[in-house]
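Printed here is start.cif (mmCIF, C-alpha atoms):
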data_my_file
loop_
_atom_site.label_atom_id
_atom_site.label_comp_id
_atom_site.auth_asym_id
_atom_site.auth_seq_id
_atom_site.Cartn_x
_atom_site.Cartn_y
_atom_site.Cartn_z
CA MET A 1302 12.43 18.46 2.40
CA ARG A 1303 9.65 16.33 3.80
CA ARG A 1304 9.54 13.06 5.63
CA TYR A 1305 7.82 10.18 3.89
CA GLU A 1306 6.94 6.64 4.66
CA LEU A 1307 6.90 4.25 1.76
CA MET A 1308 5.45 0.78 1.86
CA ILE A 1309 6.18 -1.65 -0.94
CA ILE A 1310 4.80 -5.10 -1.71
CA LEU A 1311 7.15 -7.16 -3.84
CA ASP A 1312 6.69 -10.33 -5.81
CA PRO A 1313 6.85 -13.37 -3.47
CA ASN A 1314 8.91 -15.35 -5.99
CA LEU A 1315 11.93 -13.13 -5.51
CA GLU A 1316 14.84 -14.38 -3.43
CA GLU A 1317 14.52 -12.76 -0.05
CA ARG A 1318 18.25 -12.00 -0.04
CA THR A 1319 18.04 -9.99 -3.24
CA VAL A 1320 15.27 -7.76 -1.94
CA ALA A 1321 17.37 -5.33 0.06
CA PRO A 1322 19.96 -4.71 -2.70
CA SER A 1323 17.31 -4.20 -5.37
CA LEU A 1324 15.40 -1.79 -3.15
CA ASP A 1325 18.65 0.08 -2.56
CA GLN A 1326 19.01 0.46 -6.29
CA PHE A 1327 15.61 2.15 -6.49
CA LEU A 1328 16.42 4.34 -3.51
CA GLY A 1329 19.48 5.64 -5.34
CA VAL A 1330 17.14 8.19 -6.92
CA VAL A 1331 16.53 9.70 -3.50
CA ARG A 1332 20.20 9.86 -2.59
CA ASN A 1333 21.19 11.42 -5.91
CA ALA A 1334 18.61 14.15 -5.45
CA GLY A 1335 19.94 15.12 -2.03
CA GLY A 1336 17.41 13.18 0.03
CA ALA A 1337 18.15 10.81 2.86
CA VAL A 1338 17.02 7.24 3.38
CA GLU A 1339 16.57 6.84 7.11
CA LYS A 1340 15.38 3.29 7.53
CA VAL A 1341 14.70 0.26 5.36
CA ASP A 1342 12.67 -2.41 7.07
CA VAL A 1343 12.06 -5.64 5.15
CA TRP A 1344 9.22 -7.50 6.85
CA GLY A 1345 9.64 -10.59 4.76
CA LYS A 1346 6.93 -12.77 3.30
CA ARG A 1347 3.39 -12.24 4.48
CA ARG A 1348 -0.01 -13.50 3.45
CA LEU A 1349 -2.09 -10.99 1.56
CA SER A 1350 -5.66 -10.46 2.72
CA TYR A 1351 -6.79 -10.80 -0.86
CA GLU A 1352 -5.05 -11.74 -4.10
CA ILE A 1353 -3.05 -9.15 -5.96
CA ALA A 1354 -2.09 -10.11 -9.50
CA LYS A 1355 -3.05 -13.74 -8.77
CA LYS A 1356 -0.60 -13.93 -5.87
CA SER A 1357 -1.64 -14.74 -2.35
CA GLU A 1358 1.64 -13.76 -0.70
CA GLY A 1359 3.95 -10.78 -0.89
CA ILE A 1360 7.23 -9.51 0.48
CA TYR A 1361 6.61 -6.34 2.47
CA ALA A 1362 9.11 -3.55 2.94
CA VAL A 1363 8.76 -0.21 4.71
CA VAL A 1364 11.13 2.67 3.98
CA ASP A 1365 11.43 5.90 5.93
CA LEU A 1366 12.97 8.71 3.96
CA SER A 1367 13.10 12.45 3.65
CA ALA A 1368 13.19 14.10 0.26
CA GLU A 1369 11.61 16.70 -1.97
CA PRO A 1370 8.07 15.95 -3.17
CA SER A 1371 9.17 15.72 -6.81
CA THR A 1372 11.84 13.15 -5.93
CA VAL A 1373 9.36 10.92 -4.16
CA LYS A 1374 6.97 11.19 -7.08
CA GLU A 1375 9.71 10.05 -9.43
CA LEU A 1376 10.67 7.19 -7.10
CA ASP A 1377 7.06 6.01 -6.94
CA ARG A 1378 6.79 6.17 -10.73
CA GLN A 1379 9.91 4.06 -11.18
CA LEU A 1380 8.76 1.53 -8.58
CA ASN A 1381 5.45 1.09 -10.32
CA LEU A 1382 7.18 0.45 -13.65
CA SER A 1383 8.97 -2.55 -12.21
CA GLU A 1384 7.42 -5.97 -12.74
CA ALA A 1385 8.70 -7.22 -9.38
CA ILE A 1386 6.62 -4.72 -7.42
CA LEU A 1387 2.99 -5.47 -6.79
CA ARG A 1388 1.96 -2.34 -4.94
CA THR A 1389 3.31 0.79 -3.29
CA LYS A 1390 2.00 3.36 -0.86
CA VAL A 1391 3.53 6.72 -0.02
CA LEU A 1392 2.42 8.39 3.19
CA ARG A 1393 3.42 11.44 5.19
CA PRO A 1394 3.05 10.30 8.78
CA GLU A 1395 3.31 13.76 10.35
CA ALA A 1396 0.88 15.40 7.96
CA HIS A 1397 -2.05 14.80 10.25
CA MET B 468 -47.37 -1.89 36.29
CA ALA B 469 -44.13 -3.57 35.30
CA LYS B 470 -42.38 -0.65 33.76
CA PRO B 471 -39.62 -1.71 31.41
CA MET B 472 -36.32 -1.26 33.13
CA MET B 473 -34.49 1.60 31.52
CA ARG B 474 -31.02 0.42 30.66
CA LYS B 475 -28.41 2.93 31.59
CA PRO B 476 -25.67 2.47 29.04
CA LYS B 477 -22.24 2.78 30.49
CA LYS B 478 -20.44 5.64 28.89
CA LYS B 479 -17.49 4.33 26.92
CA VAL B 480 -14.30 6.31 26.79
CA CYS B 481 -12.29 6.55 23.61
CA LEU B 482 -9.36 4.13 23.74
CA PHE B 483 -7.02 6.51 21.96
CA CYS B 484 -7.83 9.47 24.20
CA GLN B 485 -7.23 7.28 27.24
CA GLU B 486 -3.90 5.99 25.99
CA LYS B 487 -3.00 9.40 24.53
CA ILE B 488 -2.19 7.94 21.12
CA SER B 489 -2.10 10.78 18.63
CA TYR B 490 -1.29 8.88 15.44
CA VAL B 491 -3.16 5.75 14.42
CA ASP B 492 -0.72 3.61 12.47
CA TYR B 493 -2.15 1.66 9.53
CA LYS B 494 0.60 -0.96 9.93
CA ASP B 495 -0.61 -1.96 13.39
CA THR B 496 -3.12 -4.55 12.22
CA ALA B 497 -3.48 -6.15 15.66
CA LEU B 498 -4.92 -2.89 16.97
CA LEU B 499 -7.04 -2.16 13.91
CA ARG B 500 -8.58 -5.62 13.99
CA LYS B 501 -10.37 -4.60 17.16
CA PHE B 502 -12.28 -2.05 15.13
CA ILE B 503 -13.52 -4.28 12.34
CA SER B 504 -16.22 -6.92 12.48
CA ASP B 505 -15.52 -10.51 11.53
CA ARG B 506 -16.90 -9.73 8.08
CA GLY B 507 -14.25 -7.06 7.75
CA LYS B 508 -16.54 -4.07 8.17
CA ILE B 509 -15.53 -1.03 10.18
CA ARG B 510 -17.35 -0.94 13.52
CA ALA B 511 -19.56 2.07 14.21
CA ARG B 512 -18.66 4.68 16.77
CA ARG B 513 -21.54 3.70 19.04
CA VAL B 514 -19.99 0.24 19.21
CA THR B 515 -16.35 1.20 19.59
CA GLY B 516 -16.93 4.20 21.83
CA ASN B 517 -14.29 6.23 20.04
CA CYS B 518 -14.48 10.01 19.90
CA THR B 519 -15.24 11.68 16.59
CA GLN B 520 -11.65 12.49 15.71
CA HIS B 521 -10.19 9.13 16.61
CA GLN B 522 -12.97 7.19 14.90
CA ARG B 523 -12.09 9.09 11.76
CA ASP B 524 -8.38 8.35 12.18
CA VAL B 525 -9.13 4.66 12.73
CA ALA B 526 -11.33 4.52 9.64
CA THR B 527 -8.61 6.13 7.49
CA ALA B 528 -5.99 3.77 8.90
CA ILE B 529 -8.17 0.74 8.15
CA LYS B 530 -8.73 1.94 4.59
CA ASN B 531 -5.00 2.42 4.10
CA ALA B 532 -4.33 -1.04 5.50
CA ARG B 533 -6.92 -2.51 3.14
CA GLU B 534 -5.22 -0.96 0.14
CA MET B 535 -2.00 -2.70 1.14
CA ALA B 536 -3.77 -6.05 1.69
CA LEU B 537 -3.03 -5.99 5.42
CA LEU B 538 -6.74 -6.12 6.22
CA PRO B 539 -9.53 -7.61 4.12
CA TYR B 540 -12.17 -5.58 2.32
CA THR B 541 -14.57 -8.43 2.92
CA SER B 542 -14.25 -11.86 4.37
CA THR B 543 -17.05 -14.31 3.95
CA ALA B 544 -15.32 -16.93 6.07
CA ARG B 545 -17.08 -17.99 9.30
#

Would you mind writing the structure in this file as structure tokens?
Amino acid sequence: MRRYELMIILDPNLEERTVAPSLDQFLGVVRNAGGAVEKVDVWGKRRLSYEIAKKSEGIYAVVDLSAEPSTVKELDRQLNLSEAILRTKVLRPEAH
Amino acid sequence: MAKPMMRKPKKKVCLFCQEKISYVDYKDTALLRKFISDRGKIRARRVTGNCTQHQRDVATAIKNAREMALLPYTSTAR
């Protein structure tokens, strides 16, 4: 098990209330595989420094979790398949 | 006769060594903005005064922040 930090940029046109539940749905993959979601922090809407997919805003969310590497890889794959997600970044904060 | 005054540059001390910050967080854009120019370029070590290791950490953090659109790659404004 390793600790990961996952940052997600979501489509700004989503309802802000629906963000947390839909993220939870994605994070189900981690829970089913025996991982643990430690913290979900939804920053809310924020201006992007440059346009991504013709959008100048995005909803940011940061998730702390611990899971097996393969689980996180699968989670990242599923996130990137979704239309509502503009960008993701997986980081291991303790790795350095 | 008038010898050019030799400027004695004041030795800068690395901010991160001083504050004993071990991990440079890419989400802390307020801090990272101190290390980029107004065009969005990463400031050189001789400007920032960071030590080798921390300059490297800062540069990586800025690049991560750029990927997530927290910091600009370029900004032509101003």

Output of the PyMOL selection byres ((chain A and resi 1354) around 12), listed as a count of residues only: 18

Of the listed residues B:Lys530, B:Arg500, B:His521, B:Arg510, that which approaches B:Leu482 most closely, counting only C-alpha atoms: B:His521

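Residues matched by the PyMOL selection byres ((chain B) within 12 of (chain A)) in this file: Ser489, Tyr490, Val491, Asp492, Tyr493, Lys494, Thr496, Gly507, Gln520, His521, Arg523, Asp524, Thr527, Ala528, Asn531, Ala532, Arg533, Glu534, Met535, Ala536, Leu537, Leu538, Pro539, Tyr540, Thr541, Ser542 and Thr543 of chain B.
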
Picked residues, the PyMOL selection byres ((chain A and resi 1368) around 7), as a PyMOL selection string: chain A and resi 1302-1304+1331+1336-1337+1366-1367+1369-1370+1372-1373

Atom CA of A:Lys1374 to atom CA of A:Val1391, straight-line distance in Å: 9.0 Å

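When all atoms listed in the file are used to compute distances to A:Glu1306, the closest of the residues A:Val1341, A:Leu1324, A:Val1364, A:Leu1382 turns out to be A:Val1364.
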
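Of the listed residues B:Cys518, B:Phe483, B:Ile529, B:Arg474, the one whose atoms come nearest to B:Ser504 is B:Ile529, with distances taken using only C-alpha atoms.
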
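Pairwise distance (atom CA of B:Lys508, atom CA of B:Asp495) equals 16.9 Å.
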
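As for atom CA of A:Trp1344 and atom CA of B:Asp505, they are spaced 25.4 Å apart.
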
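Of the listed residues B:Ala497, B:Cys481, B:Ile488, B:Ile503, the one whose atoms come nearest to B:Asn517 is B:Cys481, with distances taken using all atoms listed in the file.
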
Using all atoms of stretch 496-503 of chain B listed in the file and a margin of 4 Å per side, can you give the axis-aligned box centre and edge lengths in Å to one decimal, as AutoDock Vina command-line options?
--center_x -8.3 --center_y -4.1 --center_z 14.7 --size_x 18.4 --size_y 12.1 --size_z 12.9

Would you fill the gaps in stretch 507-533 of chain B so it has N, CA and C atoms, then print it as an mmCIF file, in the frame of the given file?
data_model
loop_
_atom_site.group_PDB
_atom_site.id
_atom_site.type_symbol
_atom_site.label_atom_id
_atom_site.label_comp_id
_atom_site.auth_asym_id
_atom_site.auth_seq_id
_atom_site.Cartn_x
_atom_site.Cartn_y
_atom_site.Cartn_z
ATOM 1 N N GLY B 507 -15.213 -8.028 8.269
ATOM 2 C CA GLY B 507 -14.250 -7.060 7.750
ATOM 3 C C GLY B 507 -14.764 -5.637 7.694
ATOM 4 N N LYS B 508 -15.979 -5.417 8.222
ATOM 5 C CA LYS B 508 -16.540 -4.070 8.170
ATOM 6 C C LYS B 508 -16.053 -3.226 9.352
ATOM 7 N N ILE B 509 -15.965 -1.936 9.119
ATOM 8 C CA ILE B 509 -15.530 -1.030 10.180
ATOM 9 C C ILE B 509 -16.658 -0.885 11.199
ATOM 10 N N ARG B 510 -16.336 -1.036 12.476
ATOM 11 C CA ARG B 510 -17.350 -0.940 13.520
ATOM 12 C C ARG B 510 -17.749 0.520 13.735
ATOM 13 N N ALA B 511 -19.041 0.710 14.027
ATOM 14 C CA ALA B 511 -19.560 2.070 14.210
ATOM 15 C C ALA B 511 -19.072 2.660 15.523
ATOM 16 N N ARG B 512 -19.149 3.974 15.586
ATOM 17 C CA ARG B 512 -18.660 4.680 16.770
ATOM 18 C C ARG B 512 -19.451 4.296 18.016
ATOM 19 N N ARG B 513 -20.755 4.052 17.853
ATOM 20 C CA ARG B 513 -21.540 3.700 19.040
ATOM 21 C C ARG B 513 -21.150 2.324 19.573
ATOM 22 N N VAL B 514 -20.485 1.532 18.742
ATOM 23 C CA VAL B 514 -19.990 0.240 19.210
ATOM 24 C C VAL B 514 -18.600 0.378 19.827
ATOM 25 N N THR B 515 -17.734 1.102 19.126
ATOM 26 C CA THR B 515 -16.350 1.200 19.590
ATOM 27 C C THR B 515 -16.192 2.184 20.733
ATOM 28 N N GLY B 516 -17.036 3.192 20.783
ATOM 29 C CA GLY B 516 -16.930 4.200 21.830
ATOM 30 C C GLY B 516 -15.841 5.225 21.577
ATOM 31 N N ASN B 517 -15.326 5.256 20.360
ATOM 32 C CA ASN B 517 -14.290 6.230 20.040
ATOM 33 C C ASN B 517 -14.870 7.636 19.919
ATOM 34 N N CYS B 518 -14.037 8.630 20.123
ATOM 35 C CA CYS B 518 -14.480 10.010 19.900
ATOM 36 C C CYS B 518 -14.458 10.276 18.395
ATOM 37 N N THR B 519 -15.070 11.379 18.014
ATOM 38 C CA THR B 519 -15.240 11.680 16.590
ATOM 39 C C THR B 519 -13.915 11.659 15.841
ATOM 40 N N GLN B 520 -12.926 12.353 16.417
ATOM 41 C CA GLN B 520 -11.650 12.490 15.710
ATOM 42 C C GLN B 520 -10.943 11.153 15.571
ATOM 43 N N HIS B 521 -10.936 10.380 16.667
ATOM 44 C CA HIS B 521 -10.190 9.130 16.610
ATOM 45 C C HIS B 521 -10.908 8.078 15.773
ATOM 46 N N GLN B 522 -12.225 8.101 15.769
ATOM 47 C CA GLN B 522 -12.970 7.190 14.900
ATOM 48 C C GLN B 522 -12.593 7.438 13.438
ATOM 49 N N ARG B 523 -12.464 8.711 13.121
ATOM 50 C CA ARG B 523 -12.090 9.090 11.760
ATOM 51 C C ARG B 523 -10.689 8.607 11.430
ATOM 52 N N ASP B 524 -9.769 8.789 12.392
ATOM 53 C CA ASP B 524 -8.380 8.350 12.180
ATOM 54 C C ASP B 524 -8.320 6.840 11.998
ATOM 55 N N VAL B 525 -9.109 6.124 12.818
ATOM 56 C CA VAL B 525 -9.130 4.660 12.730
ATOM 57 C C VAL B 525 -9.652 4.241 11.355
ATOM 58 N N ALA B 526 -10.730 4.885 10.916
ATOM 59 C CA ALA B 526 -11.330 4.520 9.640
ATOM 60 C C ALA B 526 -10.335 4.729 8.503
ATOM 61 N N THR B 527 -9.606 5.858 8.534
ATOM 62 C CA THR B 527 -8.610 6.130 7.490
ATOM 63 C C THR B 527 -7.504 5.091 7.531
ATOM 64 N N ALA B 528 -7.062 4.751 8.757
ATOM 65 C CA ALA B 528 -5.990 3.770 8.900
ATOM 66 C C ALA B 528 -6.424 2.416 8.360
ATOM 67 N N ILE B 529 -7.665 2.024 8.644
ATOM 68 C CA ILE B 529 -8.170 0.740 8.150
ATOM 69 C C ILE B 529 -8.214 0.748 6.621
ATOM 70 N N LYS B 530 -8.637 1.866 6.049
ATOM 71 C CA LYS B 530 -8.730 1.940 4.590
ATOM 72 C C LYS B 530 -7.350 1.872 3.957
ATOM 73 N N ASN B 531 -6.370 2.522 4.602
ATOM 74 C CA ASN B 531 -5.000 2.420 4.100
ATOM 75 C C ASN B 531 -4.496 0.993 4.188
ATOM 76 N N ALA B 532 -4.778 0.341 5.308
ATOM 77 C CA ALA B 532 -4.330 -1.040 5.500
ATOM 78 C C ALA B 532 -4.981 -1.965 4.485
ATOM 79 N N ARG B 533 -6.236 -1.687 4.151
ATOM 80 C CA ARG B 533 -6.920 -2.510 3.140
ATOM 81 C C ARG B 533 -6.254 -2.371 1.790
#
